[in-house]
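Student: Below is run.txt; it holds compact mmCIF, C-alpha atoms.
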# COMPACT_ATOMS: atom_id res chain seq x y z
CA MET A 140 -41.02 -62.44 -60.71
CA ALA A 141 -43.54 -59.93 -59.52
CA LYS A 142 -45.81 -58.44 -62.14
CA ASP A 143 -46.15 -54.70 -62.36
CA LYS A 144 -49.55 -54.73 -60.74
CA ASP A 145 -48.19 -56.57 -57.74
CA ARG A 146 -45.69 -53.87 -57.08
CA PRO A 147 -46.69 -51.09 -54.76
CA MET A 148 -47.25 -47.91 -56.74
CA GLY A 149 -45.30 -44.75 -56.25
CA ASN A 150 -42.42 -46.49 -54.58
CA THR A 151 -38.90 -47.31 -55.48
CA VAL A 152 -38.18 -50.18 -57.82
CA ILE A 153 -34.67 -51.20 -58.81
CA GLY A 154 -35.04 -53.11 -62.09
CA SER A 155 -33.29 -56.36 -62.94
CA SER A 156 -30.55 -54.84 -65.11
CA ILE A 157 -29.71 -52.11 -62.61
CA VAL A 158 -26.57 -52.28 -60.49
CA ILE A 159 -26.17 -49.86 -57.61
CA ASP A 160 -22.89 -49.46 -55.78
CA GLY A 161 -23.46 -47.29 -52.77
CA GLU A 162 -26.09 -46.42 -50.26
CA ILE A 163 -29.86 -46.33 -50.58
CA THR A 164 -31.85 -44.49 -47.97
CA GLY A 165 -35.60 -44.04 -48.07
CA GLU A 166 -38.87 -43.43 -46.33
CA GLU A 167 -40.91 -45.58 -48.70
CA PRO A 168 -41.14 -49.23 -49.75
CA LEU A 169 -38.24 -50.51 -51.83
CA THR A 170 -38.36 -53.40 -54.28
CA ILE A 171 -35.13 -54.79 -55.69
CA LEU A 172 -35.01 -56.94 -58.81
CA GLY A 173 -31.45 -55.98 -59.71
CA THR A 174 -28.20 -55.74 -57.78
CA VAL A 175 -27.40 -53.51 -54.83
CA LYS A 176 -24.01 -53.45 -53.14
CA GLY A 177 -23.34 -51.25 -50.15
CA LYS A 178 -25.93 -50.28 -47.61
CA ILE A 179 -29.71 -50.04 -47.47
CA VAL A 180 -31.68 -48.09 -44.88
CA VAL A 181 -35.42 -47.89 -45.45
CA ALA A 182 -38.23 -46.94 -43.10
CA GLN A 183 -40.64 -49.37 -44.77
CA ASN A 184 -40.73 -52.80 -46.34
CA LEU A 185 -37.80 -54.03 -48.40
CA THR A 186 -38.56 -56.73 -50.95
CA VAL A 187 -35.75 -58.66 -52.59
CA GLU A 188 -37.31 -60.37 -55.60
CA PRO A 189 -36.18 -63.61 -57.24
CA GLY A 190 -33.08 -62.98 -59.32
CA ALA A 191 -32.10 -59.98 -57.24
CA THR A 192 -28.75 -59.76 -55.46
CA VAL A 193 -28.19 -57.69 -52.36
CA GLU A 194 -24.72 -57.48 -50.89
CA ALA A 195 -25.39 -54.94 -48.21
CA ASN A 196 -26.13 -54.37 -44.60
CA VAL A 197 -29.84 -53.72 -44.32
CA GLU A 198 -32.01 -51.73 -41.95
CA ALA A 199 -35.73 -51.86 -42.66
CA GLN A 200 -39.19 -52.00 -41.16
CA SER A 201 -39.67 -55.46 -42.61
CA LEU A 202 -37.85 -57.62 -45.12
CA THR A 203 -39.14 -60.15 -47.63
CA VAL A 204 -36.50 -62.14 -49.47
CA SER A 205 -36.96 -64.32 -52.53
CA GLY A 206 -33.57 -63.53 -54.03
CA ARG A 207 -30.08 -63.54 -52.63
CA VAL A 208 -28.99 -61.44 -49.65
CA THR A 209 -25.48 -61.29 -48.22
CA GLY A 210 -25.12 -59.00 -45.24
CA ASN A 211 -26.35 -58.29 -41.78
CA VAL A 212 -29.99 -57.39 -41.40
CA THR A 213 -31.69 -55.35 -38.69
CA VAL A 214 -35.45 -55.20 -38.98
CA ARG A 215 -38.05 -53.69 -36.66
CA GLU A 216 -40.98 -56.02 -37.46
CA ARG A 217 -40.57 -59.14 -39.52
CA VAL A 218 -38.18 -60.99 -41.76
CA GLU A 219 -39.51 -63.53 -44.21
CA LEU A 220 -37.23 -65.79 -46.19
CA ARG A 221 -39.34 -67.33 -48.94
CA SER A 222 -38.67 -70.72 -50.48
CA ASP A 223 -36.18 -69.51 -53.09
CA ALA A 224 -34.34 -67.14 -50.74
CA LYS A 225 -30.62 -67.50 -50.22
CA MET A 226 -29.37 -65.55 -47.27
CA VAL A 227 -25.96 -65.30 -45.63
CA GLY A 228 -25.66 -63.00 -42.64
CA ASP A 229 -26.95 -62.26 -39.21
CA VAL A 230 -30.59 -61.38 -38.73
CA LYS A 231 -31.94 -59.24 -35.92
CA SER A 232 -35.73 -59.06 -35.92
CA PRO A 233 -38.60 -59.68 -33.45
CA ARG A 234 -40.20 -62.10 -35.91
CA VAL A 235 -38.48 -64.37 -38.42
CA VAL A 236 -40.16 -66.71 -40.92
CA ILE A 237 -38.07 -69.12 -42.93
CA ALA A 238 -39.96 -71.04 -45.60
CA ASP A 239 -39.25 -74.61 -46.61
CA GLY A 240 -36.61 -74.49 -49.34
CA ALA A 241 -34.98 -71.27 -48.22
CA SER A 242 -31.29 -71.45 -47.49
CA PHE A 243 -29.87 -69.47 -44.63
CA LYS A 244 -26.51 -69.21 -42.97
CA GLY A 245 -26.06 -66.88 -40.04
CA ASN A 246 -27.29 -66.04 -36.60
CA VAL A 247 -30.79 -65.08 -35.67
CA ASP A 248 -31.40 -62.67 -32.81
CA MET A 249 -35.08 -62.29 -31.92
CA ASP A 250 -34.24 -60.33 -28.79
CA VAL A 251 -35.71 -63.03 -26.53
CA MET B 258 -41.36 -1.33 -80.49
CA ALA B 259 -44.12 -2.91 -82.48
CA ASP B 260 -45.29 0.40 -83.90
CA LYS B 261 -42.45 0.57 -86.41
CA GLU B 262 -41.93 -1.54 -89.48
CA PRO B 263 -38.99 -3.85 -88.98
CA CYS B 264 -35.83 -3.08 -90.87
CA LEU B 265 -34.86 -5.76 -93.38
CA ILE B 266 -31.32 -6.57 -94.43
CA GLY B 267 -31.97 -8.28 -97.76
CA SER B 268 -30.35 -11.47 -98.85
CA ARG B 269 -27.85 -9.76 -101.14
CA ILE B 270 -26.69 -7.21 -98.59
CA THR B 271 -23.57 -7.55 -96.46
CA ILE B 272 -22.89 -5.19 -93.56
CA ARG B 273 -19.49 -5.04 -91.91
CA GLY B 274 -19.19 -3.00 -88.74
CA GLN B 275 -21.53 -1.90 -86.02
CA VAL B 276 -25.30 -2.00 -86.34
CA SER B 277 -27.33 -0.26 -83.66
CA GLY B 278 -30.82 1.11 -83.27
CA ASN B 279 -34.20 0.75 -81.68
CA GLN B 280 -36.20 -0.91 -84.39
CA ASP B 281 -36.83 -4.59 -85.05
CA LEU B 282 -34.27 -5.96 -87.46
CA ILE B 283 -34.57 -8.91 -89.81
CA VAL B 284 -31.47 -10.30 -91.49
CA GLU B 285 -31.74 -12.31 -94.66
CA GLY B 286 -28.27 -11.28 -95.75
CA ARG B 287 -25.04 -11.04 -93.86
CA ILE B 288 -23.72 -9.03 -90.91
CA GLU B 289 -20.14 -9.06 -89.66
CA GLY B 290 -19.20 -7.07 -86.60
CA ARG B 291 -21.52 -6.07 -83.83
CA VAL B 292 -25.25 -5.57 -83.37
CA SER B 293 -26.87 -3.67 -80.51
CA LEU B 294 -30.60 -3.25 -80.55
CA GLN B 295 -33.25 -2.59 -77.94
CA ASN B 296 -35.61 -4.67 -80.05
CA LYS B 297 -36.15 -8.00 -81.71
CA PHE B 298 -33.40 -9.31 -83.90
CA THR B 299 -34.34 -12.02 -86.37
CA VAL B 300 -31.90 -14.00 -88.45
CA GLU B 301 -33.78 -15.71 -91.24
CA GLU B 302 -32.76 -19.07 -92.63
CA SER B 303 -30.69 -17.42 -95.36
CA GLY B 304 -29.12 -14.98 -92.90
CA GLN B 305 -25.53 -15.19 -91.76
CA VAL B 306 -24.30 -13.29 -88.77
CA GLU B 307 -20.74 -13.26 -87.54
CA ALA B 308 -21.11 -10.77 -84.76
CA ASP B 309 -21.61 -10.17 -81.10
CA LEU B 310 -25.24 -9.39 -80.46
CA GLU B 311 -26.79 -7.29 -77.73
CA VAL B 312 -30.52 -7.34 -78.32
CA ALA B 313 -33.81 -7.62 -76.48
CA GLU B 314 -34.95 -10.71 -78.27
CA ALA B 315 -33.04 -12.97 -80.63
CA ALA B 316 -35.01 -15.18 -83.03
CA LEU B 317 -32.47 -17.30 -84.86
CA HIS B 318 -33.33 -19.35 -87.93
CA GLY B 319 -30.02 -18.97 -89.76
CA GLN B 320 -26.31 -19.10 -89.06
CA VAL B 321 -24.82 -17.17 -86.18
CA ARG B 322 -21.31 -17.15 -84.82
CA GLY B 323 -20.56 -14.93 -81.85
CA GLU B 324 -21.79 -13.93 -78.46
CA VAL B 325 -25.56 -13.58 -78.17
CA VAL B 326 -26.76 -11.45 -75.26
CA ALA B 327 -30.52 -11.02 -75.08
CA THR B 328 -32.28 -9.14 -72.30
CA HIS B 329 -35.57 -10.96 -72.92
CA SER B 330 -35.04 -14.22 -74.77
CA ALA B 331 -33.06 -16.20 -77.31
CA HIS B 332 -34.90 -18.67 -79.49
CA LEU B 333 -33.10 -21.17 -81.71
CA HIS B 334 -35.54 -22.38 -84.33
CA PRO B 335 -35.15 -25.73 -86.11
CA THR B 336 -32.94 -24.36 -88.92
CA ALA B 337 -30.63 -22.37 -86.62
CA ARG B 338 -26.90 -23.06 -86.68
CA VAL B 339 -25.28 -21.24 -83.79
CA VAL B 340 -21.71 -21.33 -82.46
CA GLY B 341 -20.79 -19.16 -79.51
CA THR B 342 -22.20 -18.05 -76.21
CA ILE B 343 -25.82 -17.38 -75.30
CA ARG B 344 -26.77 -15.24 -72.31
CA ALA B 345 -30.47 -14.66 -71.77
CA PRO B 346 -33.08 -15.13 -69.07
CA ARG B 347 -35.08 -17.36 -71.42
CA VAL B 348 -33.51 -19.72 -73.93
CA VAL B 349 -35.39 -22.09 -76.21
CA ILE B 350 -33.65 -24.62 -78.43
CA GLU B 351 -35.95 -26.44 -80.79
CA GLU B 352 -35.47 -29.91 -82.19
CA GLY B 353 -33.32 -29.61 -85.32
CA ALA B 354 -31.41 -26.53 -84.19
CA ARG B 355 -27.66 -27.00 -83.87
CA PHE B 356 -25.72 -25.25 -81.17
CA SER B 357 -22.18 -25.48 -79.97
CA GLY B 358 -20.92 -23.36 -77.12
CA GLN B 359 -21.83 -21.96 -73.76
CA ILE B 360 -25.27 -21.17 -72.38
CA ASP B 361 -25.41 -18.89 -69.39
CA MET B 362 -28.70 -18.62 -67.52
CA GLU B 363 -29.59 -18.06 -63.91
CA VAL B 364 -30.20 -21.52 -62.45
CA GLU B 365 -31.88 -21.64 -59.08
CA LEU B 366 -31.06 -24.85 -57.27
CA PRO B 367 -32.76 -26.34 -54.22
CA ALA B 368 -31.03 -25.40 -50.99
CA ASP B 369 -29.49 -28.84 -50.55
CA VAL B 370 -28.00 -29.04 -54.05
CA ARG B 371 -24.79 -27.28 -54.77
CA ALA B 372 -23.28 -26.49 -58.13
CA LYS B 373 -19.87 -28.08 -58.39
CA MET C 44 -44.75 -61.85 -66.47
CA ALA C 45 -44.64 -61.86 -70.29
CA ASP C 46 -44.38 -58.11 -70.63
CA LYS C 47 -41.77 -58.04 -67.94
CA ASP C 48 -39.03 -58.93 -70.41
CA VAL C 49 -40.00 -56.22 -72.89
CA ARG C 50 -38.99 -53.25 -70.85
CA GLU C 51 -38.80 -52.57 -67.19
CA THR C 52 -38.69 -49.19 -65.61
CA THR C 53 -36.72 -48.55 -62.53
CA VAL C 54 -38.16 -45.85 -60.30
CA ILE C 55 -36.37 -44.01 -57.54
CA GLY C 56 -39.30 -42.75 -55.48
CA ALA C 57 -39.61 -39.27 -54.08
CA GLU C 58 -38.64 -40.41 -50.58
CA THR C 59 -35.59 -42.37 -51.65
CA ARG C 60 -32.02 -41.28 -52.00
CA ILE C 61 -29.08 -43.13 -53.52
CA SER C 62 -25.46 -42.18 -52.95
CA GLY C 63 -23.09 -44.00 -55.22
CA GLU C 64 -23.07 -45.42 -58.67
CA VAL C 65 -26.09 -46.58 -60.64
CA ARG C 66 -25.62 -48.63 -63.81
CA GLY C 67 -28.10 -50.45 -65.99
CA ASP C 68 -29.65 -51.40 -69.28
CA GLU C 69 -33.17 -50.14 -68.73
CA ASP C 70 -35.06 -46.90 -68.30
CA LEU C 71 -34.65 -45.13 -64.99
CA VAL C 72 -37.06 -42.58 -63.54
CA VAL C 73 -35.87 -40.41 -60.68
CA ARG C 74 -38.39 -38.71 -58.42
CA GLY C 75 -36.06 -38.80 -55.43
CA ARG C 76 -32.37 -38.19 -55.49
CA ILE C 77 -29.15 -39.71 -56.80
CA ASP C 78 -25.72 -38.40 -55.83
CA GLY C 79 -22.76 -39.98 -57.55
CA ARG C 80 -22.72 -41.37 -61.04
CA VAL C 81 -25.29 -42.77 -63.48
CA GLN C 82 -24.48 -44.95 -66.46
CA LEU C 83 -27.42 -46.26 -68.50
CA THR C 84 -27.90 -47.64 -71.99
CA GLU C 85 -31.47 -46.39 -72.01
CA THR C 86 -33.38 -43.29 -70.94
CA LEU C 87 -32.90 -41.42 -67.68
CA THR C 88 -35.89 -39.28 -66.74
CA VAL C 89 -35.50 -36.81 -63.89
CA GLU C 90 -39.01 -35.80 -62.95
CA ALA C 91 -40.12 -32.62 -61.24
CA GLY C 92 -38.88 -32.88 -57.67
CA GLY C 93 -36.16 -35.31 -58.68
CA VAL C 94 -32.51 -34.41 -58.16
CA VAL C 95 -29.53 -36.02 -59.84
CA GLN C 96 -26.19 -34.68 -58.75
CA ALA C 97 -23.96 -36.90 -60.81
CA ASP C 98 -21.98 -37.33 -63.94
CA ILE C 99 -24.30 -39.01 -66.37
CA GLU C 100 -23.77 -41.29 -69.35
CA VAL C 101 -27.02 -42.32 -71.01
CA LYS C 102 -28.74 -42.83 -74.32
CA ASN C 103 -31.43 -40.24 -73.64
CA LEU C 104 -31.87 -37.76 -70.83
CA VAL C 105 -35.19 -36.04 -70.13
CA VAL C 106 -35.19 -33.46 -67.34
CA SER C 107 -38.04 -31.76 -65.52
CA GLY C 108 -36.19 -31.67 -62.21
CA VAL C 109 -32.67 -30.76 -61.17
CA VAL C 110 -29.43 -32.08 -62.67
CA VAL C 111 -25.97 -30.97 -61.60
CA GLY C 112 -23.16 -32.74 -63.41
CA ASN C 113 -21.72 -33.37 -66.81
CA VAL C 114 -23.88 -35.26 -69.27
CA VAL C 115 -22.88 -37.40 -72.22
CA ALA C 116 -25.87 -38.74 -74.15
CA SER C 117 -25.51 -40.95 -77.21
CA ALA C 118 -28.91 -39.90 -78.58
CA SER C 119 -30.61 -36.89 -77.00
CA VAL C 120 -30.98 -34.49 -74.12
CA LYS C 121 -34.30 -32.75 -73.51
CA LEU C 122 -34.69 -30.00 -70.94
CA LEU C 123 -38.40 -29.55 -70.27
CA ALA C 124 -40.06 -26.45 -68.88
CA LYS C 125 -39.19 -26.90 -65.22
CA ALA C 126 -35.66 -28.23 -65.72
CA ARG C 127 -32.78 -26.76 -63.72
CA VAL C 128 -29.49 -27.99 -65.10
CA ILE C 129 -25.87 -27.04 -64.47
CA GLY C 130 -23.12 -28.88 -66.31
CA ASP C 131 -21.68 -29.58 -69.71
CA VAL C 132 -23.79 -31.50 -72.20
CA THR C 133 -22.53 -33.57 -75.11
CA ALA C 134 -25.27 -35.03 -77.30
CA PRO C 135 -26.23 -35.26 -80.96
CA ARG C 136 -29.57 -33.67 -80.12
CA PHE C 137 -30.21 -31.07 -77.44
CA THR C 138 -33.48 -29.23 -76.95
CA MET C 139 -34.63 -26.74 -74.35
CA GLU C 140 -38.20 -25.75 -73.71
CA GLU C 141 -39.32 -22.31 -72.65
CA GLY C 142 -38.90 -22.14 -68.89
CA ALA C 143 -35.91 -24.45 -68.65
CA ALA C 144 -32.84 -22.99 -66.96
CA TYR C 145 -29.40 -24.15 -67.99
CA LYS C 146 -25.82 -23.16 -67.47
CA GLY C 147 -23.01 -24.98 -69.19
CA ARG C 148 -21.33 -25.83 -72.43
CA VAL C 149 -23.12 -27.70 -75.17
CA GLU C 150 -21.56 -29.84 -77.86
CA MET C 151 -23.89 -31.19 -80.47
CA GLY C 152 -22.61 -33.35 -83.25
CA GLU C 153 -22.71 -36.79 -84.74
CA GLY C 154 -19.53 -38.13 -83.22
CA GLU C 155 -19.26 -35.92 -80.18
CA ALA C 156 -20.89 -38.23 -77.68
CA ALA C 157 -19.03 -41.26 -78.97
CA ARG C 158 -15.71 -39.47 -78.68
CA ALA C 159 -16.53 -38.17 -75.23
CA LEU C 160 -17.43 -41.68 -74.10
CA GLU C 161 -14.21 -43.07 -75.54
CA LYS C 162 -12.24 -40.45 -73.68
CA ARG C 163 -14.04 -41.29 -70.47
CA ALA C 164 -13.52 -44.99 -70.98
CA SER C 165 -9.80 -44.49 -71.43
CA ARG C 166 -9.67 -42.47 -68.25
CA SER C 167 -11.61 -45.25 -66.52
CA VAL C 168 -11.51 -44.90 -62.76
CA GLU C 169 -10.91 -41.19 -62.43
CA THR C 170 -13.20 -39.58 -59.93
CA PRO C 171 -16.26 -38.29 -61.74
CA ARG C 172 -16.11 -34.89 -60.13
CA GLN C 173 -12.85 -34.13 -61.84
CA ALA C 174 -14.07 -34.97 -65.33
CA PRO C 175 -12.53 -32.36 -67.60
CA ARG C 176 -14.78 -30.00 -69.44
CA LEU C 177 -15.65 -31.13 -72.91
CA ALA C 178 -14.96 -27.73 -74.36
CA ALA C 179 -11.98 -28.44 -76.54
CA PRO C 180 -13.78 -29.27 -79.81
CA ALA C 181 -15.63 -25.97 -79.94
CA ARG C 182 -12.50 -23.97 -79.33
CA ALA C 183 -10.77 -25.94 -82.03
CA ALA C 184 -13.68 -25.22 -84.33
CA ALA C 185 -13.56 -21.53 -83.58
CA ALA C 186 -9.85 -21.46 -84.25
CA ALA C 187 -10.12 -23.42 -87.49
CA PRO C 188 -8.89 -21.44 -90.47
CA ARG C 189 -11.74 -19.89 -92.34
CA HIS C 190 -10.69 -21.29 -95.68
CA ALA C 191 -10.58 -24.79 -94.31
CA ALA C 192 -14.08 -25.79 -95.31
CA PRO C 193 -15.50 -25.35 -98.79
CA PRO C 194 -18.44 -22.97 -98.97
CA ARG C 195 -21.65 -24.88 -98.73
CA VAL C 196 -25.25 -24.06 -98.28
CA ALA C 197 -26.45 -25.16 -94.89
CA ALA C 198 -28.04 -28.54 -95.18
CA ALA C 199 -31.52 -28.89 -93.79
CA PRO C 200 -31.61 -30.96 -90.61
CA VAL C 201 -32.53 -34.49 -91.49
CA ALA C 202 -33.42 -37.39 -89.30
CA ARG C 203 -30.20 -38.77 -87.97
CA PRO C 204 -29.50 -42.23 -86.65
CA ALA C 205 -30.17 -42.51 -82.98
CA LEU C 206 -26.65 -43.51 -82.15
CA PRO C 207 -23.60 -41.72 -83.45
CA ARG C 208 -21.78 -43.75 -86.07
CA PRO C 209 -18.07 -44.16 -85.51
CA GLU C 210 -17.13 -43.11 -89.06
CA THR C 211 -18.50 -39.65 -88.42
CA ALA C 212 -16.07 -39.20 -85.58
CA ALA C 213 -13.24 -38.07 -87.82
CA GLY C 214 -12.80 -34.37 -87.12
CA VAL C 215 -12.35 -32.47 -83.90
CA ALA C 216 -15.62 -30.59 -84.27
CA PRO C 217 -19.01 -31.35 -85.75
CA ALA C 218 -18.90 -30.73 -89.49
CA TRP C 219 -21.65 -28.16 -89.30
CA ALA C 220 -19.72 -26.10 -86.79
CA LYS C 221 -16.60 -26.05 -88.93
CA LYS C 222 -18.52 -24.95 -91.97
CA LYS C 223 -17.52 -21.51 -93.03
CA LEU C 224 -20.25 -18.96 -93.23
CA ARG C 225 -20.87 -18.35 -96.89
CA ARG C 226 -19.33 -15.24 -98.26
CA ARG C 227 -20.66 -13.36 -101.22
The structure given in the file should be rewritten as structure tokens.

Tutor:
Amino acid sequence: MAKDKDRPMGNTVIGSSIVIDGEITGEEPLTILGTVKGKIVVAQNLTVEPGATVEANVEAQSLTVSGRVTGNVTVRERVELRSDAKMVGDVKSPRVVIADGASFKGNVDMDV
Amino acid sequence: MADKEPCLIGSRITIRGQVSGNQDLIVEGRIEGRVSLQNKFTVEESGQVEADLEVAEAALHGQVRGEVVATHSAHLHPTARVVGTIRAPRVVIEEGARFSGQIDMEVELPADVRAK
Amino acid sequence: MADKDVRETTVIGAETRISGEVRGDEDLVVRGRIDGRVQLTETLTVEAGGVVQADIEVKNLVVSGVVVGNVVASASVKLLAKARVIGDVTAPRFTMEEGAAYKGRVEMGEGEAARALEKRASRSVETPRQAPRLAAPARAAAAAPRHAAPPRVAAAPVARPALPRPETAAGVAPAWAKKKLRRR
């Protein structure tokens, strides 16, 4: 779990007990430790921390996953699935990194 | 309005009917009916007012039941017990004050927020 | 990591907007915007610049920004100097600072919030926008026969428990509001 000082300041943080049903849109980095169901559109980095659950289609600048993501993902720069990531869905991104230990089911489209 | 001594309704006085004037008024006793003043109206902790008020400034420390219309401000101090409606451009409710009813102020919302 | 379990704060940044329902068991600070519904067992803080257009159920609400919607708080509602609030408020404690602007109906009382929450719970999935106004208790209080309550000297406000206790939820109106003004 990220410590407070690791989190970018002045951004949006969805804490571990928070459940959001709906749509999140934003122009700033978003860190999710809780649960988000619906849709996420952010112009910056989206971080899905360990323990977090995202059941949503995602559009972001970049995406870092250590938690669980179910949904289709469209990213402009880079997707990183870290070792404890669990991801089900299609990924569209110019760069994709999948760490050893991450689980992933879906298609990858790097626009080759 | 500060050049005159305020009028005091003592704690053993009860007034029923209409009270009007242009002098500050302090109530330690009881008023039933209606109060219209161009000045400050103070209800002390011992005061009991069952009346509609039209005043410049309402400073409430005691019990009030009725409609409070203040052209300047309404202030509910910690001992206030108020039931009714408050209409004023400035309203202050302090910790400890009890209020039940409607508050009616001008609320300016951002352009993209609409009152339901 | 150790202090992480003590209390987290969720922050909705100034450039972020949520449409939908937000629930949780931790403090929530809004600098951006939420449209929909908020249900929290802790404190919701709407900072200056923040907008919450939602029906709100919380323990505490602190507003410096904009809130449009009905609020039920089990402990307190504080409108600070820059607050702009439209909607009905039910809470055992309600304070307004100089400069706050508010329009709506206020119910303060020990059991009010608990009863309002029970009512909401029983209505369950109704759309939040159609939540009925919580005005009934005050009208009932106003209509209560004058001889109903024994004459009593107003009790000084004392520290009350943070959460309304169910046994105080007996009457239709807060006891203090039913109390007859003392006659001489």

Student: Taking a cut-off of 10 Å and counting only C-alpha atoms, can you build a table that, for each residue of chain C near chain A, reports the nearest atom pair and how far apart they are in Å (one decimal), sorted by chain then residue number, as CSV?

Tutor:
residue,atom,partner,partner_atom,distance
C:Met44,CA,A:Lys142,CA,5.6
C:Ala45,CA,A:Lys142,CA,8.9
C:Asp46,CA,A:Lys142,CA,8.6
C:Lys47,CA,A:Lys142,CA,7.1
C:Asp48,CA,A:Ser155,CA,9.8
C:Arg50,CA,A:Gly154,CA,9.6
C:Glu51,CA,A:Gly154,CA,6.4
C:Thr52,CA,A:Gly154,CA,6.4
C:Thr53,CA,A:Gly154,CA,4.9
C:Val54,CA,A:Val152,CA,5.0
C:Ile55,CA,A:Thr151,CA,4.6
C:Gly56,CA,A:Thr151,CA,4.6
C:Ala57,CA,A:Asn150,CA,7.8
C:Glu58,CA,A:Glu166,CA,5.2
C:Thr59,CA,A:Gly165,CA,4.0
C:Arg60,CA,A:Thr164,CA,5.2
C:Ile61,CA,A:Ile163,CA,4.4
C:Ser62,CA,A:Glu162,CA,5.1
C:Gly63,CA,A:Gly161,CA,4.1
C:Glu64,CA,A:Asp160,CA,5.0
C:Val65,CA,A:Ile159,CA,4.5
C:Arg66,CA,A:Val158,CA,5.0
C:Gly67,CA,A:Ile157,CA,4.1
C:Asp68,CA,A:Ser156,CA,5.5
C:Glu69,CA,A:Ser156,CA,6.5
C:Asp70,CA,A:Gly154,CA,8.8
C:Leu71,CA,A:Gly154,CA,8.5
C:Val72,CA,A:Thr151,CA,9.5
C:Val73,CA,A:Thr151,CA,9.2
C:Arg74,CA,A:Thr151,CA,9.1
C:Gly75,CA,A:Thr151,CA,9.0
C:Arg76,CA,A:Thr164,CA,9.8
C:Ile77,CA,A:Ile163,CA,9.1
C:Asp78,CA,A:Gly161,CA,9.7
C:Gly79,CA,A:Gly161,CA,8.8
C:Arg80,CA,A:Asp160,CA,9.7
C:Val81,CA,A:Ile159,CA,9.2
C:Gln82,CA,A:Ile157,CA,9.7
C:Leu83,CA,A:Ile157,CA,8.6

Student: Tell me, counting only C-alpha atoms, for each residue of chain B within 7 Å of chain C, which pair of atoms is nearest and how far apart they are in Å to one decimal, in rows ordered by chain and increasing number, as JSON lines.

Tutor:
{"residue": "B:Gln305", "atom": "CA", "partner": "C:Leu224", "partner_atom": "CA", "distance": 6.7}
{"residue": "B:Thr336", "atom": "CA", "partner": "C:Ala199", "partner_atom": "CA", "distance": 6.8}
{"residue": "B:Val340", "atom": "CA", "partner": "C:Ala220", "partner_atom": "CA", "distance": 6.7}
{"residue": "B:Arg347", "atom": "CA", "partner": "C:Gly142", "partner_atom": "CA", "distance": 6.6}
{"residue": "B:Val348", "atom": "CA", "partner": "C:Glu141", "partner_atom": "CA", "distance": 6.5}
{"residue": "B:Val349", "atom": "CA", "partner": "C:Met139", "partner_atom": "CA", "distance": 5.1}
{"residue": "B:Ile350", "atom": "CA", "partner": "C:Met139", "partner_atom": "CA", "distance": 4.7}
{"residue": "B:Glu351", "atom": "CA", "partner": "C:Thr138", "partner_atom": "CA", "distance": 5.4}
{"residue": "B:Glu352", "atom": "CA", "partner": "C:Thr138", "partner_atom": "CA", "distance": 5.6}
{"residue": "B:Gly353", "atom": "CA", "partner": "C:Pro200", "partner_atom": "CA", "distance": 5.7}
{"residue": "B:Arg355", "atom": "CA", "partner": "C:Met151", "partner_atom": "CA", "distance": 6.6}
{"residue": "B:Phe356", "atom": "CA", "partner": "C:Met151", "partner_atom": "CA", "distance": 6.3}
{"residue": "B:Ser357", "atom": "CA", "partner": "C:Glu150", "partner_atom": "CA", "distance": 4.9}
{"residue": "B:Gly358", "atom": "CA", "partner": "C:Val149", "partner_atom": "CA", "distance": 5.2}
{"residue": "B:Gln359", "atom": "CA", "partner": "C:Arg148", "partner_atom": "CA", "distance": 4.1}
{"residue": "B:Ile360", "atom": "CA", "partner": "C:Lys146", "partner_atom": "CA", "distance": 5.3}
{"residue": "B:Asp361", "atom": "CA", "partner": "C:Lys146", "partner_atom": "CA", "distance": 4.7}
{"residue": "B:Met362", "atom": "CA", "partner": "C:Lys146", "partner_atom": "CA", "distance": 5.4}
{"residue": "B:Glu363", "atom": "CA", "partner": "C:Ala144", "partner_atom": "CA", "distance": 6.6}
{"residue": "B:Val364", "atom": "CA", "partner": "C:Ala144", "partner_atom": "CA", "distance": 5.4}
{"residue": "B:Glu365", "atom": "CA", "partner": "C:Arg127", "partner_atom": "CA", "distance": 7.0}
{"residue": "B:Leu366", "atom": "CA", "partner": "C:Arg127", "partner_atom": "CA", "distance": 6.9}
{"residue": "B:Ala372", "atom": "CA", "partner": "C:Val111", "partner_atom": "CA", "distance": 6.3}

Student: Could you work out how far CA of Gly245 in chain A lies from CA of Arg207 in chain A, giving the answer in Å with one decimal?

Tutor: 13.6 Å

Student: Could you state the separation of CA of Gly93 in chain C and CA of Val115 in chain C in Å, given to one decimal place?

Tutor: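 Computing the Euclidean distance for CA of Gly93 in chain C and CA of Val115 in chain C yields 19.1 Å.
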
Student: How many Å separate CA of Ile99 in chain C from CA of Arg322 in chain B?

Tutor: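 Here the two named atoms are 28.8 Å from each other.
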
Student: Considering only C-alpha atoms, state which residue in the set A:Val236, A:Ala191, A:Met226, A:Leu185 is at the smallest distance from Gly210 in chain A.

Tutor: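 Distance minimum relative to Gly210 in chain A lands on A:Met226.
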
Student: Please return the centre and edge lengths, in Å to one decimal, of a box with edges along x, y and z that contains all listed atoms of range 177-191 of chain A, widened by 3 Å on every side, as lines of an AutoDock Vina configuration file.

Tutor:
center_x = -32.0
center_y = -55.3
center_z = -51.2
size_x = 23.4
size_y = 22.7
size_z = 22.2

Student: Can you tell me, as a PyMOL selection string, what residues are no more than 8 Å from Val212 in chain A when counting only C-alpha atoms, ignoring any on the same chain fewer than 3 positions away?

Tutor: chain A and resi 196-198+228-231
